[in-house]
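**Q** Dropping in model37.txt, with compact mmCIF, C-alpha atoms and all ligand atoms.
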```txt
# COMPACT_ATOMS: atom_id res chain seq x y z
CA MET A 17 0.00 0.00 0.00
CA ASN A 18 2.82 2.41 0.78
CA ALA A 19 5.47 1.54 -1.79
CA VAL A 20 5.85 3.14 -5.20
CA ALA A 21 6.83 -0.21 -6.74
CA GLU A 22 3.63 -1.85 -5.44
CA VAL A 23 1.21 0.69 -6.83
CA ARG A 24 3.08 0.66 -10.15
CA GLY A 25 2.72 -3.13 -10.27
CA ALA A 26 -1.00 -2.95 -9.54
CA VAL A 27 -1.54 -0.27 -12.19
CA SER A 28 0.46 -2.24 -14.80
CA ALA A 29 -1.69 -5.29 -14.13
CA ALA A 30 -4.89 -3.23 -14.44
CA LYS A 31 -3.70 -1.70 -17.72
CA ALA A 32 -2.67 -5.13 -19.03
CA ALA A 33 -6.23 -6.26 -18.28
CA GLY A 34 -7.47 -3.42 -20.49
CA LYS A 35 -8.68 -1.19 -17.66
CA THR A 36 -8.73 2.58 -17.65
CA VAL A 37 -6.88 3.91 -14.60
CA ALA A 38 -7.94 6.94 -12.55
CA LEU A 39 -6.10 8.67 -9.74
CA VAL A 40 -7.82 10.62 -6.96
CA PRO A 41 -5.09 12.48 -5.04
CA THR A 42 -6.07 13.35 -1.45
CA MET A 43 -4.50 14.29 1.85
CA GLY A 44 -6.83 11.93 3.71
CA ALA A 45 -9.36 13.06 6.35
CA LEU A 46 -11.80 11.91 3.69
CA HIS A 47 -15.36 13.25 3.68
CA ALA A 48 -18.41 13.03 1.43
CA GLY A 49 -16.76 15.38 -1.09
CA HIS A 50 -13.87 12.94 -1.54
CA ALA A 51 -16.35 10.06 -1.78
CA GLU A 52 -17.96 11.90 -4.69
CA LEU A 53 -14.55 12.32 -6.40
CA ILE A 54 -13.88 8.60 -6.01
CA ARG A 55 -17.35 7.68 -7.34
CA ALA A 56 -16.78 10.03 -10.31
CA ALA A 57 -13.42 8.35 -10.96
CA LYS A 58 -15.12 4.96 -10.87
CA ARG A 59 -17.66 6.06 -13.49
CA HIS A 60 -14.81 6.70 -15.90
CA ALA A 61 -12.24 4.08 -14.97
CA GLY A 62 -12.05 0.37 -14.23
CA PHE A 63 -9.24 0.81 -11.72
CA VAL A 64 -9.25 3.68 -9.24
CA VAL A 65 -6.20 4.58 -7.18
CA VAL A 66 -6.75 6.92 -4.21
CA SER A 67 -3.58 8.48 -2.84
CA ILE A 68 -3.53 9.57 0.79
CA PHE A 69 -0.56 11.74 1.61
CA VAL A 70 -0.38 14.81 3.86
CA ASN A 71 2.17 16.59 1.72
CA PRO A 72 4.57 18.57 3.94
CA THR A 73 5.87 20.75 1.09
CA GLN A 74 2.52 22.48 0.53
CA PHE A 75 2.21 23.71 4.13
CA GLY A 76 3.81 26.98 5.22
CA PRO A 77 5.91 27.04 8.41
CA HIS A 78 2.98 28.47 10.42
CA GLU A 79 0.27 26.33 8.85
CA ASP A 80 -1.48 23.22 10.14
CA PHE A 81 0.76 20.37 8.86
CA GLY A 82 1.28 19.03 12.38
CA LYS A 83 -2.36 19.10 13.36
CA TYR A 84 -3.84 18.25 9.94
CA PRO A 85 -6.35 15.45 10.68
CA ARG A 86 -4.97 11.96 10.03
CA THR A 87 -7.73 9.37 9.98
CA LEU A 88 -6.27 6.52 7.94
CA GLU A 89 -8.52 3.69 9.18
CA ALA A 90 -11.72 5.62 8.47
CA ASP A 91 -10.24 6.82 5.15
CA LEU A 92 -9.64 3.23 4.01
CA THR A 93 -13.25 2.34 4.77
CA LEU A 94 -14.70 5.37 3.00
CA ALA A 95 -12.40 5.07 -0.03
CA THR A 96 -13.09 1.37 -0.49
CA ALA A 97 -16.85 1.81 -0.05
CA SER A 98 -16.77 4.58 -2.67
CA GLY A 99 -15.04 2.40 -5.26
CA ALA A 100 -11.28 2.68 -4.70
CA ASP A 101 -9.37 -0.35 -5.99
CA TRP A 102 -6.00 0.65 -4.54
CA ILE A 103 -5.00 3.01 -1.75
CA PHE A 104 -1.55 4.49 -2.10
CA ALA A 105 -0.54 5.95 1.27
CA PRO A 106 3.19 6.56 1.02
CA THR A 107 5.42 7.81 3.81
CA VAL A 108 7.19 11.15 3.55
CA ALA A 109 10.49 9.27 3.06
CA GLU A 110 8.99 7.30 0.17
CA LEU A 111 8.05 10.44 -1.74
CA TYR A 112 10.86 12.71 -0.58
CA PRO A 113 13.92 10.50 -0.02
CA ALA A 114 17.17 12.05 1.18
CA GLY A 115 18.61 14.23 -1.55
CA PHE A 116 15.25 15.13 -3.10
CA ALA A 117 15.81 18.53 -4.73
CA SER A 118 13.35 19.19 -7.60
CA GLN A 119 10.41 21.57 -7.63
CA VAL A 120 7.66 22.36 -10.11
CA GLU A 121 5.86 25.69 -10.20
CA VAL A 122 3.56 27.83 -12.33
CA PRO A 123 4.59 31.35 -11.25
CA ALA A 124 2.00 33.19 -13.39
CA LEU A 125 -0.86 31.57 -11.47
CA ASP A 126 0.92 31.51 -8.14
CA ARG A 127 0.80 35.32 -7.96
CA MET A 128 -3.02 35.28 -7.72
CA LEU A 129 -5.64 34.65 -4.99
CA CYS A 130 -4.21 32.30 -2.34
CA GLY A 131 -0.66 32.43 -3.77
CA PRO A 132 0.63 35.55 -1.97
CA ARG A 133 -0.93 34.42 1.33
CA ARG A 134 0.48 30.91 1.08
CA PRO A 135 4.00 31.29 -0.36
CA GLY A 136 5.28 28.00 -1.78
CA HIS A 137 1.90 26.26 -1.41
CA PHE A 138 1.20 25.70 -5.10
CA ARG A 139 4.83 24.75 -5.75
CA GLY A 140 4.34 21.99 -3.16
CA VAL A 141 1.04 20.96 -4.75
CA CYS A 142 2.48 20.90 -8.30
CA THR A 143 5.55 18.97 -7.23
CA VAL A 144 3.65 16.29 -5.35
CA VAL A 145 0.89 15.98 -7.95
CA LEU A 146 3.41 15.60 -10.79
CA LYS A 147 5.18 12.94 -8.73
CA LEU A 148 1.89 11.12 -8.09
CA LEU A 149 1.00 11.31 -11.79
CA ASN A 150 4.42 9.94 -12.72
CA ILE A 151 4.18 7.16 -10.14
CA VAL A 152 0.64 6.03 -10.96
CA GLN A 153 0.54 7.05 -14.65
CA PRO A 154 -3.26 7.20 -14.71
CA HIS A 155 -5.37 7.96 -17.79
CA LEU A 156 -7.29 10.50 -15.72
CA ALA A 157 -7.01 12.30 -12.42
CA VAL A 158 -9.92 13.78 -10.50
CA PHE A 159 -9.95 16.98 -8.41
CA GLY A 160 -12.65 19.00 -6.65
CA ALA A 161 -13.77 22.41 -7.93
CA LYS A 162 -13.64 23.85 -4.41
CA ASP A 163 -9.88 24.20 -4.85
CA ALA A 164 -10.35 26.34 -7.96
CA GLN A 165 -6.86 27.82 -8.01
CA GLN A 166 -5.31 24.39 -7.51
CA CYS A 167 -7.34 23.15 -10.49
CA ALA A 168 -6.22 26.10 -12.67
CA VAL A 169 -2.58 25.65 -11.67
CA LEU A 170 -2.62 21.89 -12.28
CA LYS A 171 -4.37 22.25 -15.64
CA ARG A 172 -1.66 24.69 -16.71
CA MET A 173 1.11 22.42 -15.43
CA VAL A 174 -0.32 19.44 -17.32
CA ARG A 175 -0.70 21.50 -20.48
CA ASP A 176 2.71 23.19 -20.30
CA LEU A 177 4.63 20.03 -19.44
CA ASP A 178 2.71 17.69 -21.80
CA VAL A 179 1.72 15.39 -18.97
CA PRO A 180 -0.29 12.59 -20.61
CA VAL A 181 -3.33 12.68 -18.34
CA GLU A 182 -6.89 14.00 -18.51
CA LEU A 183 -7.87 16.16 -15.53
CA ARG A 184 -11.51 15.97 -14.46
CA ILE A 185 -12.86 18.64 -12.13
CA GLU A 186 -15.93 17.63 -10.12
CA PRO A 187 -18.45 20.07 -8.60
CA THR A 188 -18.09 21.16 -4.99
CA VAL A 189 -20.11 19.09 -2.53
CA ARG A 190 -21.88 21.20 0.09
CA GLU A 191 -23.53 20.77 3.47
CA ALA A 192 -27.30 21.34 3.57
CA ASP A 193 -26.72 24.99 4.52
CA GLY A 194 -24.30 25.56 1.62
CA LEU A 195 -20.92 25.30 3.37
CA ALA A 196 -18.42 23.61 1.03
CA LEU A 197 -17.16 20.34 2.48
CA SER A 198 -13.55 20.56 3.63
CA SER A 199 -11.37 18.51 5.93
CA ARG A 200 -10.70 21.78 7.79
CA ASN A 201 -14.39 22.41 8.65
CA ARG A 202 -13.87 20.21 11.69
CA TYR A 203 -11.66 22.95 13.19
CA LEU A 204 -14.59 25.42 13.35
CA SER A 205 -16.21 26.26 16.68
CA THR A 206 -19.99 25.71 16.81
CA ALA A 207 -20.61 29.43 16.47
CA ASP A 208 -18.22 29.82 13.53
CA ARG A 209 -19.63 26.71 11.88
CA SER A 210 -23.06 28.30 11.74
CA LEU A 211 -21.64 31.63 10.49
CA ALA A 212 -19.70 29.79 7.79
CA SER A 213 -22.85 29.15 5.76
CA ARG A 214 -22.95 32.88 5.02
CA ILE A 215 -19.95 32.50 2.69
CA TYR A 216 -22.01 30.53 0.17
CA GLN A 217 -24.97 32.88 0.68
CA ALA A 218 -22.72 35.78 -0.33
CA LEU A 219 -21.53 33.87 -3.40
CA GLN A 220 -25.11 33.12 -4.35
CA THR A 221 -25.99 36.79 -4.08
CA VAL A 222 -23.36 37.43 -6.77
CA LEU A 223 -24.97 34.75 -8.95
CA HIS A 224 -28.38 36.42 -8.50
CA ARG A 225 -26.97 39.84 -9.36
CA VAL A 226 -25.34 38.45 -12.49
CA ALA A 227 -28.59 36.68 -13.45
CA ALA A 228 -30.31 40.06 -13.06
CA GLY A 229 -27.95 41.50 -15.69
CA LYS A 230 -25.24 43.10 -13.54
CA ILE A 231 -21.89 42.64 -15.27
CA ASP A 232 -19.76 45.42 -13.76
CA VAL A 233 -17.16 43.37 -11.93
CA ALA A 234 -15.95 46.17 -9.62
CA ARG A 235 -19.49 46.65 -8.29
CA LEU A 236 -20.16 42.94 -7.97
CA GLN A 237 -16.88 42.54 -6.14
CA SER A 238 -17.49 45.40 -3.70
CA GLY A 239 -21.00 44.06 -2.99
CA LEU A 240 -19.53 40.64 -2.28
CA LEU A 241 -16.89 42.09 0.04
CA ALA A 242 -19.52 44.14 1.89
CA ASP A 243 -21.66 41.02 2.39
CA LEU A 244 -18.72 39.00 3.69
CA LEU A 245 -17.68 41.77 6.07
CA THR A 246 -21.06 41.49 7.81
CA ILE A 247 -20.09 38.01 9.07
CA PRO A 248 -19.14 38.64 12.72
CA GLY A 249 -15.44 38.04 13.38
CA ALA A 250 -14.65 37.12 9.78
CA GLN A 251 -11.35 38.26 8.32
CA VAL A 252 -11.64 38.41 4.54
CA ASP A 253 -8.36 37.40 2.86
CA TYR A 254 -9.78 38.11 -0.58
CA ALA A 255 -13.06 38.29 -2.48
CA GLU A 256 -12.28 38.49 -6.18
CA ILE A 257 -13.80 37.92 -9.58
CA VAL A 258 -11.14 36.68 -11.98
CA ASP A 259 -10.80 34.94 -15.32
CA ALA A 260 -11.47 31.25 -14.68
CA GLU A 261 -8.40 30.09 -16.61
CA SER A 262 -5.73 32.77 -16.17
CA LEU A 263 -6.98 33.97 -12.75
CA GLU A 264 -6.28 37.53 -14.00
CA PRO A 265 -8.68 40.30 -12.89
CA VAL A 266 -11.58 40.95 -15.30
CA ASN A 267 -13.64 44.13 -15.78
CA LEU A 268 -16.73 42.80 -17.50
CA LEU A 269 -18.19 39.31 -17.43
CA ARG A 270 -17.67 38.18 -21.01
CA ARG A 271 -15.93 34.86 -20.45
CA PRO A 272 -16.47 32.36 -17.62
CA ALA A 273 -15.20 33.97 -14.44
CA LEU A 274 -14.45 32.64 -11.03
CA VAL A 275 -15.89 34.33 -7.96
CA ALA A 276 -13.40 33.23 -5.33
CA VAL A 277 -13.20 34.00 -1.64
CA ALA A 278 -10.93 33.14 1.27
CA ILE A 279 -12.03 33.92 4.79
CA VAL A 280 -10.59 33.28 8.20
CA LEU A 281 -13.13 32.37 10.88
CA GLY A 282 -11.53 31.90 14.28
CA THR A 283 -8.26 30.20 13.32
CA THR A 284 -9.68 28.39 10.31
CA ARG A 285 -9.11 29.59 6.75
CA LEU A 286 -11.94 28.63 4.43
CA ILE A 287 -12.05 28.98 0.63
CA ASP A 288 -15.01 28.75 -1.70
CA ASN A 289 -16.00 29.80 -5.20
CA VAL A 290 -18.67 29.79 -7.87
CA THR A 291 -18.37 30.24 -11.63
CA VAL A 292 -20.33 32.95 -13.48
CA GLY A 293 -20.81 34.38 -16.95
CA GLY A 294 -19.42 33.23 -20.25
O1 LIG B 301 -6.32 18.96 -2.72
C1 LIG B 301 -5.56 18.29 -1.96
O2 LIG B 301 -5.99 17.57 -1.06
C2 LIG B 301 -4.05 18.39 -2.15
O3 LIG B 301 -3.67 19.67 -2.47
C3 LIG B 301 -3.52 17.38 -3.19
C4 LIG B 301 -4.06 17.64 -4.57
C5 LIG B 301 -3.87 15.97 -2.75
C6 LIG B 301 -1.98 17.48 -3.26
O4 LIG B 301 -1.39 17.20 -2.03
```
Since I need it in another form, could you write the structure as structure tokens?
**A**
Amino acid sequence: MNAVAEVRGAVSAAKAAGKTVALVPTMGALHAGHAELIRAAKRHAGFVVVSIFVNPTQFGPHEDFGKYPRTLEADLTLATASGADWIFAPTVAELYPAGFASQVEVPALDRMLCGPRRPGHFRGVCTVVLKLLNIVQPHLAVFGAKDAQQCAVLKRMVRDLDVPVELRIEPTVREADGLALSSRNRYLSTADRSLASRIYQALQTVLHRVAAGKIDVARLQSGLLADLLTIPGAQVDYAEIVDAESLEPVNLLRRPALVAVAIVLGTTRLIDNVTVGG
């Protein structure tokens, strides 16, 4: 389960049996959103590999690497029940042996949204995802739309570096009150958990305004920021409307745009987004 050679052997056997192979990269602490990614992978592939690896290189020095939830037993149950055929849960030494020195980054997209607040984060994500793609060599890999910048960065990496894989982005899975599922939601206090639903309400207000014909991005953005600032105790990292592919600021909604927010509630940083226009 942990060794690169083992997962490669299992994937070779699946390919030799004519199966399509999908990879669902995760950091564990699996929830219903991950289950949906695994089920989506299973709809498109005969052999689904789920990787579980809390990747140290994508955490900043003051971030939650140490306390990131590790729930391997429960993860195995959920992944298997959702259709995983192989769980690849390598150790840090397996993926980053002594002497490891390479890094992959997409600087143009790293400058945007979460990039400046999380220096090195997307470099860590790109490096580990390229490694996982090279180890597993899947036909397709599945990611969740909640991590919109991660999706944009990885799409660009795959395109720029001719990585022979199809990326599938699956819709965000939400709680009944709209909060996007995240492994970090469990850090929220009861009070903050109930306030957190107002993030999606604010995003939906943007969707309603756009549906009503409002296309001036500066106004939509300031309305969104004002709504988010009414959440008691919330610190808004950003609330931006950007081009969905380049993540560059847009003035008018002519192409699909991403409405992306990052908010700190208590000590928990939450991100969410919706897509508009186009
Ligand atoms: O989205 C995540 O959980 C991580 O960033 C990923 C893609 C598994 C890389 O560590």
**Q** Using all atoms listed in the file, what does the table of chain A residues within 7 Å of ligand LIG 301 (chain B) look like, with each row giving the shortest atom pair and its distance in Å to one decimal, sorted by chain and ascending number, as a tab-separated table?
**A**
```
residue	atom	partner	partner_atom	distance
A:Pro41	CA	B:LIG301	C5	4.3
A:Thr42	CA	B:LIG301	C5	3.7
A:Met43	CA	B:LIG301	O2	4.6
A:Phe69	CA	B:LIG301	O4	6.6
A:Val70	CA	B:LIG301	O4	6.4
A:Asn71	CA	B:LIG301	O4	5.2
A:Val141	CA	B:LIG301	C6	4.8
A:Val144	CA	B:LIG301	O4	6.1
A:Val145	CA	B:LIG301	C6	5.7
A:Asp163	CA	B:LIG301	O1	6.7
```
**Q** Which residue is closest to Lys147 of chain A? Choose from A:Gln217, A:Gln165, A:Ser118, A:Thr206 and count all atoms listed in the file.
**A** A:Ser118
**Q** What is the distance, in Å and to one decimal place, between atom CA of Val152 of chain A and atom CA of Leu183 of chain A?
**A** 14.0 Å
**Q** Within 10 Å of (-10.1, 32.9, 7.5) in the file's own coordinates, which protein, DNA or RNA residues have an atom, counting only C-alpha atoms? List them as a list in words.
**A**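 Residues with an atom at most 10 Å from (-10.1, 32.9, 7.5): Gly249, Ala250, Gln251, Val252, Asp253, Tyr254, Val277, Ala278, Ile279, Val280, Leu281, Gly282, Thr283, Thr284, Arg285, Leu286 and Ile287 of chain A.
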**Q** Identify which of the residues A:Gln237, A:Asp288, A:Leu268, A:Val258 lies closest to Gly194 of chain A, counting all atoms listed in the file when measuring atom-to-atom distances.
**A** A:Asp288
**Q** Counting all atoms listed in the file, write as a PyMOL selection string all protein and nucleic acid residues lying at most 10 Å from (-20.0, 32.7, 13.4) in the file's frame.
**A** chain A and resi 204-214+247-250+281-282
**Q** Next, write the just-selected residues to a file, as a short mmCIF file (atom, residue, chain, number, x, y, z; two decimals), in the frame of the given file, keeping C-alpha atoms as the atom set.
**A**
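Full text of out.cif as output:
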```cif
data_model
loop_
_atom_site.label_atom_id
_atom_site.label_comp_id
_atom_site.auth_asym_id
_atom_site.auth_seq_id
_atom_site.Cartn_x
_atom_site.Cartn_y
_atom_site.Cartn_z
CA LEU A 204 -14.59 25.42 13.35
CA SER A 205 -16.21 26.26 16.68
CA THR A 206 -19.99 25.71 16.81
CA ALA A 207 -20.61 29.43 16.47
CA ASP A 208 -18.22 29.82 13.53
CA ARG A 209 -19.63 26.71 11.88
CA SER A 210 -23.06 28.30 11.74
CA LEU A 211 -21.64 31.63 10.49
CA ALA A 212 -19.70 29.79 7.79
CA SER A 213 -22.85 29.15 5.76
CA ARG A 214 -22.95 32.88 5.02
CA ILE A 247 -20.09 38.01 9.07
CA PRO A 248 -19.14 38.64 12.72
CA GLY A 249 -15.44 38.04 13.38
CA ALA A 250 -14.65 37.12 9.78
CA LEU A 281 -13.13 32.37 10.88
CA GLY A 282 -11.53 31.90 14.28
#
```
**Q** Take atom CA of Leu195 of chain A and atom CA of Ser262 of chain A and report the distance between them in Å, one decimal.
**A**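 It comes out at 25.9 Å.
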**Q** With distances taken over all atoms listed in the file, which of A:Arg139, A:Arg134, A:His50, A:Lys58 is nearest to Thr73 of chain A?
**A**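 Under the stated criterion, the closest residue is A:Arg139.
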**Q** Find the residues around Ala234 of chain A up to 10 Å (all atoms listed in the file counted), leave out those fewer than 3 positions away in its own chain, and share them as a PDB file with C-alpha atoms, keeping the file's coordinate frame.
**A**
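Full text of out_33.pdb as output:
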```pdb
ATOM      1  CA  ILE A 231     -21.890  42.640 -15.270  1.00  0.00           C
ATOM      2  CA  GLN A 237     -16.880  42.540  -6.140  1.00  0.00           C
ATOM      3  CA  SER A 238     -17.490  45.400  -3.700  1.00  0.00           C
ATOM      4  CA  GLY A 239     -21.000  44.060  -2.990  1.00  0.00           C
ATOM      5  CA  LEU A 240     -19.530  40.640  -2.280  1.00  0.00           C
ATOM      6  CA  GLU A 256     -12.280  38.490  -6.180  1.00  0.00           C
ATOM      7  CA  ILE A 257     -13.800  37.920  -9.580  1.00  0.00           C
ATOM      8  CA  PRO A 265      -8.680  40.300 -12.890  1.00  0.00           C
ATOM      9  CA  VAL A 266     -11.580  40.950 -15.300  1.00  0.00           C
ATOM     10  CA  ASN A 267     -13.640  44.130 -15.780  1.00  0.00           C
ATOM     11  CA  LEU A 268     -16.730  42.800 -17.500  1.00  0.00           C
TER      12      LEU A 268
END
```
**Q** Separation of atom CA of Leu170 of chain A and atom CA of Ala56 of chain A, in Å?
**A**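 So the two atoms, atom CA of Leu170 of chain A and atom CA of Ala56 of chain A, lie 18.6 Å apart.
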**Q** Nearest residue to Leu177 of chain A out of A:Ala61, A:Ala227, A:Ala161, A:Val120, using all atoms listed in the file?
**A**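 For Leu177 of chain A, the nearest of the candidates is A:Val120.
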**Q** Between A:Ala124, A:Leu245, A:Leu197, A:Arg235, which has the minimum distance to Glu261 of chain A (counting only C-alpha atoms)?
**A**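 For Glu261 of chain A, the nearest of the candidates is A:Ala124.
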**Q** Which residue is closest to Glu89 of chain A? Choose from A:Gly131, A:Thr246, A:Gly44, A:Gln220 and count only C-alpha atoms.
**A**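 Selected residue with least distance to Glu89 of chain A: A:Gly44.
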**Q** Which residues are close to Gln74 of chain A, i.e. within 7 Å by only C-alpha atoms, leaving aside same-chain residues fewer than 5 positions away? Reply as a compact mmCIF listing (two decimals) with C-alpha atoms, keeping the file's coordinate frame.
**A**
```txt
# COMPACT_ATOMS: atom_id res chain seq x y z
CA GLY A 136 5.28 28.00 -1.78
CA HIS A 137 1.90 26.26 -1.41
CA PHE A 138 1.20 25.70 -5.10
CA GLY A 140 4.34 21.99 -3.16
CA VAL A 141 1.04 20.96 -4.75
```
**Q** Applying 8 Å and all atoms listed in the file, which residues near Glu121 of chain A remain after dropping the ones on its own chain fewer than 2 positions away? List them as a count of residues only.
**A** 8
**Q** Can you list, as a VMD selection string, every protein, DNA or RNA residue that comes within 10 Å of Gly49 of chain A when you count all atoms listed in the file, leaving out same-chain residues fewer than 4 positions away?
**A** chain A and resid 53 to 55 160 162 186 to 191 196 to 199
**Q** Any chance you could export the current selection's C-alpha atoms as a compact mmCIF listing (two decimals), keeping the file's coordinate frame?
**A**
```txt
# COMPACT_ATOMS: atom_id res chain seq x y z
CA LEU A 53 -14.55 12.32 -6.40
CA ILE A 54 -13.88 8.60 -6.01
CA ARG A 55 -17.35 7.68 -7.34
CA GLY A 160 -12.65 19.00 -6.65
CA LYS A 162 -13.64 23.85 -4.41
CA GLU A 186 -15.93 17.63 -10.12
CA PRO A 187 -18.45 20.07 -8.60
CA THR A 188 -18.09 21.16 -4.99
CA VAL A 189 -20.11 19.09 -2.53
CA ARG A 190 -21.88 21.20 0.09
CA GLU A 191 -23.53 20.77 3.47
CA ALA A 196 -18.42 23.61 1.03
CA LEU A 197 -17.16 20.34 2.48
CA SER A 198 -13.55 20.56 3.63
CA SER A 199 -11.37 18.51 5.93
```
